[in-house]
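Have a look at target-v6.txt; it's compact mmCIF, C-alpha atoms and all ligand atoms:
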# COMPACT_ATOMS: atom_id res chain seq x y z
CA MET J 1 121.18 100.56 72.59
CA LYS J 2 121.35 101.27 76.28
CA LYS J 3 120.46 104.90 75.59
CA LEU J 4 117.44 103.92 73.45
CA SER J 5 116.06 101.68 76.15
CA LEU J 6 116.38 104.45 78.63
CA ILE J 7 114.52 106.89 76.37
CA ALA J 8 111.82 104.30 75.71
CA LEU J 9 111.41 103.72 79.42
CA THR J 10 111.20 107.44 80.13
CA LEU J 11 108.53 107.86 77.44
CA LEU J 12 106.55 104.90 78.76
CA ALA J 13 106.66 106.30 82.24
CA ALA J 14 105.18 109.56 80.96
CA LEU J 15 102.20 107.79 79.32
CA PRO J 16 99.35 107.39 81.74
CA GLY J 17 97.97 103.89 81.83
CA VAL J 18 100.98 102.43 80.07
CA ALA J 19 103.62 102.59 82.73
CA GLN J 20 101.95 101.26 85.86
CA SER J 21 102.54 103.15 89.08
CA PRO J 22 102.10 100.92 92.12
CA PRO J 23 98.42 100.52 93.07
CA LYS J 24 97.28 102.98 95.72
CA VAL J 25 96.81 101.41 99.12
CA GLU J 26 93.63 102.40 100.91
CA LYS J 27 93.99 103.49 104.51
CA LEU J 28 91.62 101.21 106.40
CA ALA J 29 91.85 102.96 109.78
CA PRO J 30 94.11 105.33 111.68
CA TYR J 31 96.41 103.90 114.33
CA TYR J 32 94.44 103.47 117.52
CA PRO J 33 95.66 100.61 119.69
CA THR J 34 93.37 98.15 121.46
CA PRO J 35 93.95 98.20 125.24
CA GLU J 36 95.80 95.05 126.40
CA ILE J 37 92.85 93.92 128.54
CA VAL J 38 90.64 94.02 125.44
CA VAL J 39 93.27 92.21 123.35
CA ASP J 40 93.10 89.33 125.83
CA LYS J 41 89.30 89.24 125.61
CA MET J 42 89.42 89.27 121.78
CA LEU J 43 91.72 86.25 121.68
CA GLN J 44 89.67 84.41 124.31
CA LEU J 45 86.46 85.17 122.45
CA GLY J 46 88.04 83.83 119.26
CA GLY J 47 88.89 80.62 121.14
CA LEU J 48 92.48 80.85 119.95
CA LYS J 49 94.37 77.63 120.72
CA ARG J 50 98.03 76.63 120.85
CA GLY J 51 99.41 76.01 117.35
CA GLU J 52 96.53 77.72 115.56
CA LYS J 53 97.15 80.39 112.93
CA MET J 54 95.92 83.87 113.58
CA PHE J 55 96.14 87.11 111.63
CA ASP J 56 95.62 90.69 112.77
CA LEU J 57 94.56 92.96 109.90
CA GLY J 58 96.31 96.29 110.48
CA SER J 59 98.47 95.19 113.39
CA GLY J 60 99.63 98.57 114.73
CA ASP J 61 102.33 98.09 117.38
CA GLY J 62 101.87 94.31 117.16
CA ARG J 63 100.24 93.87 120.57
CA ILE J 64 97.57 91.39 119.40
CA VAL J 65 100.09 89.32 117.46
CA ILE J 66 102.51 89.35 120.39
CA MET J 67 99.88 88.26 122.94
CA ALA J 68 98.57 85.60 120.55
CA ALA J 69 102.04 84.07 120.25
CA GLN J 70 103.26 84.66 123.81
CA LYS J 71 100.20 83.87 125.90
CA PHE J 72 98.10 81.67 123.59
CA GLY J 73 100.92 79.79 121.83
CA ALA J 74 99.54 80.63 118.38
CA LEU J 75 101.36 81.13 115.08
CA ALA J 76 100.59 84.79 114.71
CA THR J 77 100.92 87.15 111.75
CA GLY J 78 100.16 90.85 111.62
CA VAL J 79 99.79 92.94 108.48
CA GLU J 80 100.67 96.61 108.84
CA ILE J 81 100.94 99.25 106.14
CA ASP J 82 102.80 101.84 108.21
CA HIS J 83 106.54 101.31 107.92
CA ASP J 84 107.41 102.71 111.34
CA LEU J 85 104.81 100.55 113.10
CA TRP J 86 105.99 97.51 111.14
CA LYS J 87 109.59 98.21 112.21
CA GLN J 88 108.67 98.88 115.82
CA SER J 89 106.53 95.74 116.13
CA SER J 90 109.06 93.53 114.34
CA GLU J 91 111.80 94.76 116.68
CA LYS J 92 109.60 94.04 119.71
CA ILE J 93 108.98 90.50 118.43
CA ARG J 94 112.74 90.02 118.03
CA SER J 95 113.50 91.44 121.47
CA LEU J 96 110.99 89.02 123.01
CA GLY J 97 112.48 86.07 121.10
CA LEU J 98 109.16 85.32 119.41
CA GLU J 99 110.44 85.24 115.80
CA LYS J 100 109.49 81.58 115.36
CA THR J 101 105.82 82.15 116.14
CA ALA J 102 105.13 85.82 115.42
CA LYS J 103 105.78 88.03 112.41
CA ILE J 104 104.56 91.24 110.85
CA ILE J 105 104.17 91.73 107.11
CA ASN J 106 104.72 95.31 105.94
CA GLY J 107 101.93 95.51 103.38
CA ASP J 108 98.29 96.05 102.53
CA ALA J 109 95.92 93.94 104.65
CA TYR J 110 93.61 93.75 101.64
CA ALA J 111 96.25 92.12 99.49
CA GLN J 112 97.10 89.08 101.65
CA ASN J 113 95.92 85.49 101.70
CA TYR J 114 94.11 84.38 104.86
CA SER J 115 93.06 80.92 103.73
CA SER J 116 95.17 79.25 106.44
CA ALA J 117 93.72 81.37 109.26
CA ASP J 118 91.94 79.83 112.24
CA VAL J 119 91.35 83.23 113.83
CA VAL J 120 91.37 86.73 112.32
CA THR J 121 91.26 89.85 114.48
CA VAL J 122 90.08 93.18 113.10
CA TYR J 123 90.02 96.70 114.47
CA LEU J 124 89.25 98.71 111.35
CA LEU J 125 86.67 101.29 110.35
CA PRO J 126 83.22 100.25 109.03
CA HIS J 127 84.12 101.05 105.40
CA ALA J 128 87.18 98.82 105.74
CA ASN J 129 85.08 95.93 107.09
CA ASP J 130 82.79 96.39 104.06
CA LYS J 131 85.79 96.15 101.78
CA MET J 132 87.28 93.13 103.58
CA ARG J 133 84.04 91.13 103.88
CA PRO J 134 83.81 89.62 100.36
CA MET J 135 87.51 88.82 100.38
CA LEU J 136 87.26 87.07 103.77
CA GLU J 137 84.13 85.21 102.63
CA LYS J 138 86.06 83.91 99.66
CA GLN J 139 89.31 83.06 101.44
CA LEU J 140 88.52 81.86 104.94
CA LYS J 141 88.10 78.15 105.57
CA LYS J 142 85.02 76.72 107.22
CA GLY J 143 85.15 77.13 110.96
CA ALA J 144 87.52 80.11 110.93
CA ARG J 145 86.65 82.73 113.54
CA ILE J 146 86.72 86.49 113.08
CA VAL J 147 86.76 88.81 116.07
CA SER J 148 85.98 92.43 115.34
CA HIS J 149 86.58 95.22 117.81
CA ASP J 150 83.85 97.87 118.01
CA PHE J 151 82.67 97.64 114.38
CA GLU J 152 80.33 94.98 113.03
CA PHE J 153 80.50 93.25 109.67
CA LYS J 154 77.32 94.06 107.75
CA ASP J 155 75.28 91.01 106.69
CA TRP J 156 77.13 88.69 109.05
CA LYS J 157 75.36 87.48 112.16
CA PRO J 158 77.63 87.47 115.19
CA GLU J 159 77.76 84.17 117.06
CA LYS J 160 78.50 86.12 120.22
CA THR J 161 78.80 89.76 121.27
CA GLU J 162 80.73 90.82 124.33
CA THR J 163 80.92 94.23 125.97
CA ILE J 164 83.73 95.43 128.19
CA ASP J 165 82.17 98.25 130.20
CA ASP J 166 85.39 99.80 131.43
CA ASP J 167 88.85 99.16 130.06
CA GLY J 168 90.43 100.81 133.11
CA GLU J 169 90.39 104.20 131.42
CA GLY J 170 86.62 104.59 131.43
CA ARG J 171 86.09 103.49 127.83
CA SER J 172 83.72 100.72 126.82
CA HIS J 173 84.35 98.27 124.00
CA THR J 174 82.20 95.83 122.05
CA LEU J 175 83.55 92.66 120.50
CA TYR J 176 81.82 90.64 117.76
CA LEU J 177 82.60 86.98 117.13
CA TYR J 178 81.78 85.52 113.71
CA ARG J 179 82.34 81.98 112.45
CA ARG J 180 82.57 80.99 108.77
C1 LIG O 201 92.82 100.96 114.76
S1 LIG O 201 94.48 100.45 114.45
C2 LIG O 201 94.48 98.82 115.16
C3 LIG O 201 95.86 98.33 115.56
C4 LIG O 201 95.85 96.92 116.21
N1 LIG O 201 95.17 95.97 115.38
C5 LIG O 201 95.18 96.99 117.55
O1 LIG O 201 94.00 96.60 117.62
O2 LIG O 201 95.84 97.42 118.52
C6 LIG O 201 94.45 100.14 112.67
C7 LIG O 201 95.80 99.84 112.03
O3 LIG O 201 95.60 99.50 110.68
C8 LIG O 201 96.68 100.01 109.91
N2 LIG O 201 96.24 100.08 108.51
C9 LIG O 201 95.44 101.00 107.90
N3 LIG O 201 95.26 100.70 106.62
C10 LIG O 201 95.94 99.55 106.37
C11 LIG O 201 96.12 98.72 105.22
N4 LIG O 201 95.56 99.01 104.04
N5 LIG O 201 96.87 97.60 105.36
C12 LIG O 201 97.46 97.27 106.54
N6 LIG O 201 97.34 98.04 107.66
C13 LIG O 201 96.58 99.14 107.58
C14 LIG O 201 96.95 101.35 110.56
O4 LIG O 201 98.24 101.83 110.23
C15 LIG O 201 96.77 101.01 112.04
O5 LIG O 201 97.98 100.61 112.62

Represent the structure from my file as structure tokens, please.
Amino acid sequence: MKKLSLIALTLLAALPGVAQSPPKVEKLAPYYPTPEIVVDKMLQLGGLKRGEKMFDLGSGDGRIVIMAAQKFGALATGVEIDHDLWKQSSEKIRSLGLEKTAKIINGDAYAQNYSSADVVTVYLLPHANDKMRPMLEKQLKKGARIVSHDFEFKDWKPEKTETIDDDGEGRSHTLYLYRR
């Protein structure tokens, strides 16, 4: 009996479309961290307040989540697909004693639920913003703020745009604030 089940399973796995391989996760951007000075501006622009819920979509080394929890007193969640970055950022959160207010989910930013979010931060490529837009429109509650670093969301009108001319390393950055 055991043997039969094993054979059946092996056959099923060989049939395309019958045995489901895990869905392929789309890479939404390479890892490219936001300078700390810009992180601060993003969270200020989003008007993040103590006790509010914020999410960073593709959280990298966790710097936005960490500042949101540490400096702004928010309940902060990052979503990061890269296992090493997830591990590194989760360890940093633990070492700073922020486990009660900050966490990183190791998963696909597209596959999460953001309906509780007050503020969402995004530093992803334009094609990723296009992909995220309908999902955010559906999930986000009225009044939720989205702050996007460098890349706009098509069809959304920013409430405010802010430029940082020099991040200390000679690079300029543009931030877009949207409100649902
Ligand atoms: C440009 S970096 C931004 C990192 C961080 N948010 C910041 O601003 O410092 C984009 C991050 O998104 C992550 N990423 C790419 N595709 C993803 C996906 N489908 N789900 C979750 N994270 C993803 C990358 O691994 C990378 O760490």

Within 9 Å of ligand LIG 201 (chain O), counting all atoms listed in the file, residues as a count of residues only: 46

Between J:Ala68, J:Gly168, J:Gly97, J:Lys154, single out the one closest to J:Gly46, counting all atoms listed in the file. J:Ala68

Using only C-alpha atoms, can you tell me which of J:Asp40, J:Lys24, J:Met67, J:Met132 comes closest to J:Asp167?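 Closest residue, counting only C-alpha atoms: J:Asp40.
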
So how many Å separate atom CA of J:Gly51 and atom CA of J:Tyr178, to one decimal?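 One can read the atom CA of J:Gly51 to atom CA of J:Tyr178 distance as 20.4 Å.
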
Determine the nearest neighbour of J:Ala117 from the options J:Thr174, J:Gln88, J:Gln139, J:Gln44, counting only C-alpha atoms.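 Result for the nearest residue to J:Ala117: J:Gln139.
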
Surrounding residues of J:Met54 excluding itself and chain neighbours under 6 positions, 7 Å, only C-alpha atoms, as an MDAnalysis selection string: chainID J and resid 74:77 117:120

For the residues selected in the previous step, produce a file with C-alpha atoms as a PDB file, in the coordinates of the input.
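Generated output (part-v5.pdb):
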ATOM      1  CA  ALA J  74      99.540  80.630 118.380  1.00  0.00           C
ATOM      2  CA  LEU J  75     101.360  81.130 115.080  1.00  0.00           C
ATOM      3  CA  ALA J  76     100.590  84.790 114.710  1.00  0.00           C
ATOM      4  CA  THR J  77     100.920  87.150 111.750  1.00  0.00           C
ATOM      5  CA  ALA J 117      93.720  81.370 109.260  1.00  0.00           C
ATOM      6  CA  ASP J 118      91.940  79.830 112.240  1.00  0.00           C
ATOM      7  CA  VAL J 119      91.350  83.230 113.830  1.00  0.00           C
ATOM      8  CA  VAL J 120      91.370  86.730 112.320  1.00  0.00           C
TER       9      VAL J 120
END

If you measure from atom CA of J:Leu45 to atom CA of J:Ser89, what distance in Å do you get, rounded to one decimal? 23.5 Å

Please indicate the distance in Å from atom CA of J:Leu140 to atom CA of J:Tyr114, rounded to one decimal place.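 About the pair atom CA of J:Leu140 and atom CA of J:Tyr114: they are 6.1 Å apart.
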
May I have the residues within 9 Å of J:Gln70 as a VMD selection string, using all atoms listed in the file and disregarding those fewer than 6 positions away in the same chain? chain J and resid 96 98 101 to 102

Regenerate stretch 53-65 of chain J at the level of N, CA and C atoms and dump it as a PDB file, keeping the file's coordinate frame.
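File produced: selection.pdb:
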ATOM      1  N   LYS J  53      96.639  79.223 113.682  1.00  0.00           N
ATOM      2  CA  LYS J  53      97.150  80.390 112.930  1.00  0.00           C
ATOM      3  C   LYS J  53      96.201  81.546 113.100  1.00  0.00           C
ATOM      4  N   MET J  54      96.766  82.681 113.465  1.00  0.00           N
ATOM      5  CA  MET J  54      95.920  83.870 113.580  1.00  0.00           C
ATOM      6  C   MET J  54      96.553  85.025 112.817  1.00  0.00           C
ATOM      7  N   PHE J  55      95.691  85.921 112.358  1.00  0.00           N
ATOM      8  CA  PHE J  55      96.140  87.110 111.630  1.00  0.00           C
ATOM      9  C   PHE J  55      95.461  88.330 112.224  1.00  0.00           C
ATOM     10  N   ASP J  56      96.209  89.411 112.378  1.00  0.00           N
ATOM     11  CA  ASP J  56      95.620  90.690 112.770  1.00  0.00           C
ATOM     12  C   ASP J  56      95.727  91.633 111.571  1.00  0.00           C
ATOM     13  N   LEU J  57      94.582  92.114 111.104  1.00  0.00           N
ATOM     14  CA  LEU J  57      94.560  92.960 109.900  1.00  0.00           C
ATOM     15  C   LEU J  57      94.767  94.422 110.288  1.00  0.00           C
ATOM     16  N   GLY J  58      95.937  94.940 110.030  1.00  0.00           N
ATOM     17  CA  GLY J  58      96.310  96.290 110.480  1.00  0.00           C
ATOM     18  C   GLY J  58      96.779  96.150 111.918  1.00  0.00           C
ATOM     19  N   SER J  59      98.035  95.696 112.077  1.00  0.00           N
ATOM     20  CA  SER J  59      98.470  95.190 113.390  1.00  0.00           C
ATOM     21  C   SER J  59      99.075  96.249 114.310  1.00  0.00           C
ATOM     22  N   GLY J  60      99.171  97.494 113.856  1.00  0.00           N
ATOM     23  CA  GLY J  60      99.630  98.570 114.730  1.00  0.00           C
ATOM     24  C   GLY J  60     100.984  98.268 115.358  1.00  0.00           C
ATOM     25  N   ASP J  61     101.053  98.356 116.700  1.00  0.00           N
ATOM     26  CA  ASP J  61     102.330  98.090 117.380  1.00  0.00           C
ATOM     27  C   ASP J  61     102.540  96.592 117.640  1.00  0.00           C
ATOM     28  N   GLY J  62     101.676  95.767 117.104  1.00  0.00           N
ATOM     29  CA  GLY J  62     101.870  94.310 117.160  1.00  0.00           C
ATOM     30  C   GLY J  62     101.347  93.660 118.437  1.00  0.00           C
ATOM     31  N   ARG J  63     100.633  94.401 119.260  1.00  0.00           N
ATOM     32  CA  ARG J  63     100.240  93.870 120.570  1.00  0.00           C
ATOM     33  C   ARG J  63      99.344  92.625 120.492  1.00  0.00           C
ATOM     34  N   ILE J  64      98.457  92.560 119.493  1.00  0.00           N
ATOM     35  CA  ILE J  64      97.570  91.390 119.400  1.00  0.00           C
ATOM     36  C   ILE J  64      98.378  90.167 118.949  1.00  0.00           C
ATOM     37  N   VAL J  65      99.236  90.396 117.974  1.00  0.00           N
ATOM     38  CA  VAL J  65     100.090  89.320 117.460  1.00  0.00           C
ATOM     39  C   VAL J  65     101.004  88.806 118.577  1.00  0.00           C
TER      40      VAL J  65
END
